[in-house]
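Below you'll find the structure, written out as structure tokens, and then a few comments.
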Amino acid sequence: MELRDILALLTCVLLVISGATFGVKFLRRRNFLLGLECLIVGFSATNFLIYLLTESKVSYSISFFCDAFSRGFGIPIVAVLGLMAVTHDFKPSVFKDAAIFAVTFAGTFVLIKADFMVKPLPYFYVIMWTAYSVYLAYFICKLASMGEKLHALGLTVAAVLGLAVACIYDFFPIPGDDTKMVFLTLALSTWAFMMMQMYYSYLAFERAKAQVVRAR
């Protein structure tokens, strides 16, 4: 096994840990949208790790669906709605949370099964991720304005790397990376870093917002 293969496996393990850790942390804060999305990312990484080790087609299919969900709807829609708990006091009921997941899961089946989505799908992913990045820019500006500049910087790095990975995925393959192990190492580590930054930036926003309320 080559070094780049080992690195890809290690970053896959890192993503499993990151998804599970921050998924549980968000659930404990009763943010089910962000919590379940992080767990879905961790579950996807777990199945992809199994595929890398065993070449299980079932595990690959599960990971493929979860990856399509997170790229198309999970991060751009579900995670944004979850972050809006601190930016816009958006706190839907458990029923509405379930409805959001039901609709976005159904949308994912359309993405990967419908013939008319085959050609535009790569562009759809990038457009959705760009929209997510625009919201993150707003989140980062608000965070910086409240004095949380270090967390704003960390989330900015995560946002830039995330958008870069989204663009590289289908449009700018890394030269010489025939097995895509180099790209996987970059993508998986970026997603793990992104979830960590999302969680701690969320806490920082929540904390700064509470301080503003107390100061009034």
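Each chain in the structure tokens gets a letter, A, B, ..., in the order shown, and its residues are numbered from 1; ligands are numbered from 1 in order too.
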
Query - Contact residues around Val134 of chain A with only C-alpha atoms at 12 Å, ignoring same-chain residues under 5 positions, as a VMD selection string - result: chain A and resid 76 80 127 to 129 139 to 141 156 159 to 160 163

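For the choices A:Thr179, A:Gln197, A:Ser145, A:Thr108, the atom-to-atom distance to Gly162 of chain A is smallest for A:Gln197 when using only C-alpha atoms.
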
Query raised in the report: Nearest to Leu39 of chain A: which of A:Trp191, A:Leu52, A:Tyr169, A:Gly23 is it, counting only C-alpha atoms?
Result: A:Gly23

Query raised in the report: Using only C-alpha atoms, which residue out of A:Ile75, A:Val165, A:Ala45, A:Met146 lies closest to Ile62 of chain A?
Result: A:Ala45

Query raised in the report: Which distance in Å separates atom CA of Lys149 of chain A and atom CA of Gly19 of chain A, to one decimal?
Result: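 Computing the Euclidean distance for atom CA of Lys149 of chain A and atom CA of Gly19 of chain A yields 24.7 Å.
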
Requested in this report: Do a neighbour search on Pro122 of chain A at 12 Å with only C-alpha atoms, toss out local chain neighbours closer than 6 positions, and write the hits as a PyMOL selection string.
Outcome: chain A and resi 68+71-72+111-112+128-129+166-172

Could those residues be written to a file, using all heavy atoms, as a tab-separated table (two decimals), in the first residue's frame?
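Result file part_23.tsv:
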chain	number	residue	atom	x	y	z
A	68	ALA	N	-23.92	12.28	-2.12
A	68	ALA	CA	-24.78	13.07	-3.00
A	68	ALA	C	-25.74	13.92	-2.17
A	68	ALA	O	-25.99	15.10	-2.49
A	68	ALA	CB	-25.56	12.16	-3.94
A	71	ARG	N	-23.66	16.85	-0.48
A	71	ARG	CA	-23.20	17.84	-1.46
A	71	ARG	C	-24.36	18.63	-2.06
A	71	ARG	O	-24.24	19.84	-2.30
A	71	ARG	CB	-22.41	17.16	-2.58
A	71	ARG	CG	-21.08	16.59	-2.13
A	71	ARG	CD	-20.46	15.77	-3.24
A	71	ARG	NE	-20.12	16.58	-4.40
A	71	ARG	CZ	-19.93	16.10	-5.61
A	71	ARG	NH1	-20.08	14.81	-5.85
A	71	ARG	NH2	-19.61	16.90	-6.60
A	72	GLY	N	-25.49	17.95	-2.30
A	72	GLY	CA	-26.60	18.60	-2.97
A	72	GLY	C	-27.56	19.33	-2.03
A	72	GLY	O	-28.07	20.40	-2.36
A	111	LEU	N	-31.74	13.25	-7.82
A	111	LEU	CA	-30.42	13.64	-8.32
A	111	LEU	C	-29.66	12.46	-8.92
A	111	LEU	O	-29.04	12.58	-9.98
A	111	LEU	CB	-29.59	14.25	-7.18
A	111	LEU	CG	-29.95	15.63	-6.65
A	111	LEU	CD1	-28.93	16.07	-5.61
A	111	LEU	CD2	-30.03	16.66	-7.77
A	112	ILE	N	-29.68	11.34	-8.22
A	112	ILE	CA	-28.82	10.22	-8.64
A	112	ILE	C	-29.53	9.21	-9.54
A	112	ILE	O	-28.86	8.37	-10.16
A	112	ILE	CB	-28.21	9.49	-7.42
A	112	ILE	CG1	-29.31	8.85	-6.57
A	112	ILE	CG2	-27.38	10.45	-6.60
A	112	ILE	CD1	-28.76	8.05	-5.38
A	128	MET	N	-24.98	24.82	-5.71
A	128	MET	CA	-25.48	24.68	-4.33
A	128	MET	C	-24.39	25.01	-3.33
A	128	MET	O	-24.63	25.66	-2.31
A	128	MET	CB	-26.02	23.27	-4.11
A	128	MET	CG	-27.27	22.94	-4.91
A	128	MET	SD	-28.66	24.02	-4.54
A	128	MET	CE	-29.13	23.44	-2.92
A	129	TRP	N	-23.17	24.56	-3.60
A	129	TRP	CA	-22.08	24.83	-2.67
A	129	TRP	C	-21.72	26.32	-2.67
A	129	TRP	O	-21.34	26.87	-1.65
A	129	TRP	CB	-20.85	23.99	-2.99
A	129	TRP	CG	-20.00	23.80	-1.77
A	129	TRP	CD1	-19.00	24.61	-1.33
A	129	TRP	CD2	-20.12	22.75	-0.80
A	129	TRP	NE1	-18.47	24.14	-0.15
A	129	TRP	CE2	-19.15	23.00	0.19
A	129	TRP	CE3	-20.94	21.64	-0.69
A	129	TRP	CZ2	-18.98	22.17	1.30
A	129	TRP	CZ3	-20.77	20.81	0.41
A	129	TRP	CH2	-19.80	21.07	1.38
A	166	ALA	N	-15.23	21.37	-3.91
A	166	ALA	CA	-16.44	21.21	-4.72
A	166	ALA	C	-16.15	21.45	-6.20
A	166	ALA	O	-16.71	20.76	-7.06
A	166	ALA	CB	-17.52	22.18	-4.23
A	167	CYS	N	-15.28	22.39	-6.49
A	167	CYS	CA	-14.94	22.69	-7.89
A	167	CYS	C	-13.99	21.64	-8.48
A	167	CYS	O	-14.14	21.22	-9.64
A	167	CYS	CB	-14.29	24.07	-7.99
A	167	CYS	SG	-15.42	25.44	-7.62
A	168	ILE	N	-13.03	21.20	-7.67
A	168	ILE	CA	-12.07	20.20	-8.14
A	168	ILE	C	-12.76	18.88	-8.45
A	168	ILE	O	-12.41	18.18	-9.40
A	168	ILE	CB	-10.96	19.97	-7.08
A	168	ILE	CG1	-10.08	21.22	-6.96
A	168	ILE	CG2	-10.09	18.76	-7.44
A	168	ILE	CD1	-9.11	21.17	-5.79
A	169	TYR	N	-13.77	18.55	-7.65
A	169	TYR	CA	-14.44	17.24	-7.70
A	169	TYR	C	-14.75	16.79	-9.13
A	169	TYR	O	-14.41	15.67	-9.54
A	169	TYR	CB	-15.73	17.29	-6.88
A	169	TYR	CG	-16.26	15.95	-6.46
A	169	TYR	CD1	-16.09	15.49	-5.17
A	169	TYR	CD2	-16.95	15.12	-7.37
A	169	TYR	CE1	-16.58	14.25	-4.78
A	169	TYR	CE2	-17.44	13.89	-6.99
A	169	TYR	CZ	-17.26	13.46	-5.69
A	169	TYR	OH	-17.73	12.24	-5.31
A	170	ASP	N	-15.41	17.62	-9.90
A	170	ASP	CA	-15.83	17.24	-11.26
A	170	ASP	C	-15.17	18.02	-12.38
A	170	ASP	O	-15.21	17.60	-13.54
A	170	ASP	CB	-17.35	17.42	-11.40
A	170	ASP	CG	-18.14	16.40	-10.58
A	170	ASP	OD1	-17.95	15.20	-10.82
A	170	ASP	OD2	-18.90	16.82	-9.70
A	171	PHE	N	-14.54	19.16	-12.06
A	171	PHE	CA	-14.09	20.05	-13.13
A	171	PHE	C	-12.57	20.21	-13.24
A	171	PHE	O	-12.07	20.52	-14.31
A	171	PHE	CB	-14.72	21.43	-12.95
A	171	PHE	CG	-16.22	21.42	-13.06
A	171	PHE	CD1	-17.01	21.47	-11.93
A	171	PHE	CD2	-16.83	21.33	-14.31
A	171	PHE	CE1	-18.39	21.46	-12.04
A	171	PHE	CE2	-18.21	21.32	-14.42
A	171	PHE	CZ	-19.00	21.37	-13.28
A	172	PHE	N	-11.85	20.03	-12.15
A	172	PHE	CA	-10.40	20.28	-12.19
A	172	PHE	C	-9.64	19.13	-11.53
A	172	PHE	O	-9.13	19.27	-10.41
A	172	PHE	CB	-10.07	21.60	-11.49
A	172	PHE	CG	-10.78	22.79	-12.07
A	172	PHE	CD1	-11.89	23.33	-11.44
A	172	PHE	CD2	-10.34	23.36	-13.26
A	172	PHE	CE1	-12.56	24.43	-11.98
A	172	PHE	CE2	-11.00	24.45	-13.82
A	172	PHE	CZ	-12.11	24.98	-13.17

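Across the model, the gap from atom CA of Ala137 of chain A to atom CA of Ser63 of chain A is 28.8 Å.
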
Query - Residue nearest Phe73 of chain A among A:Thr54, A:Thr130, A:Gln211, A:Thr104 (counting only C-alpha atoms) - result: A:Thr104
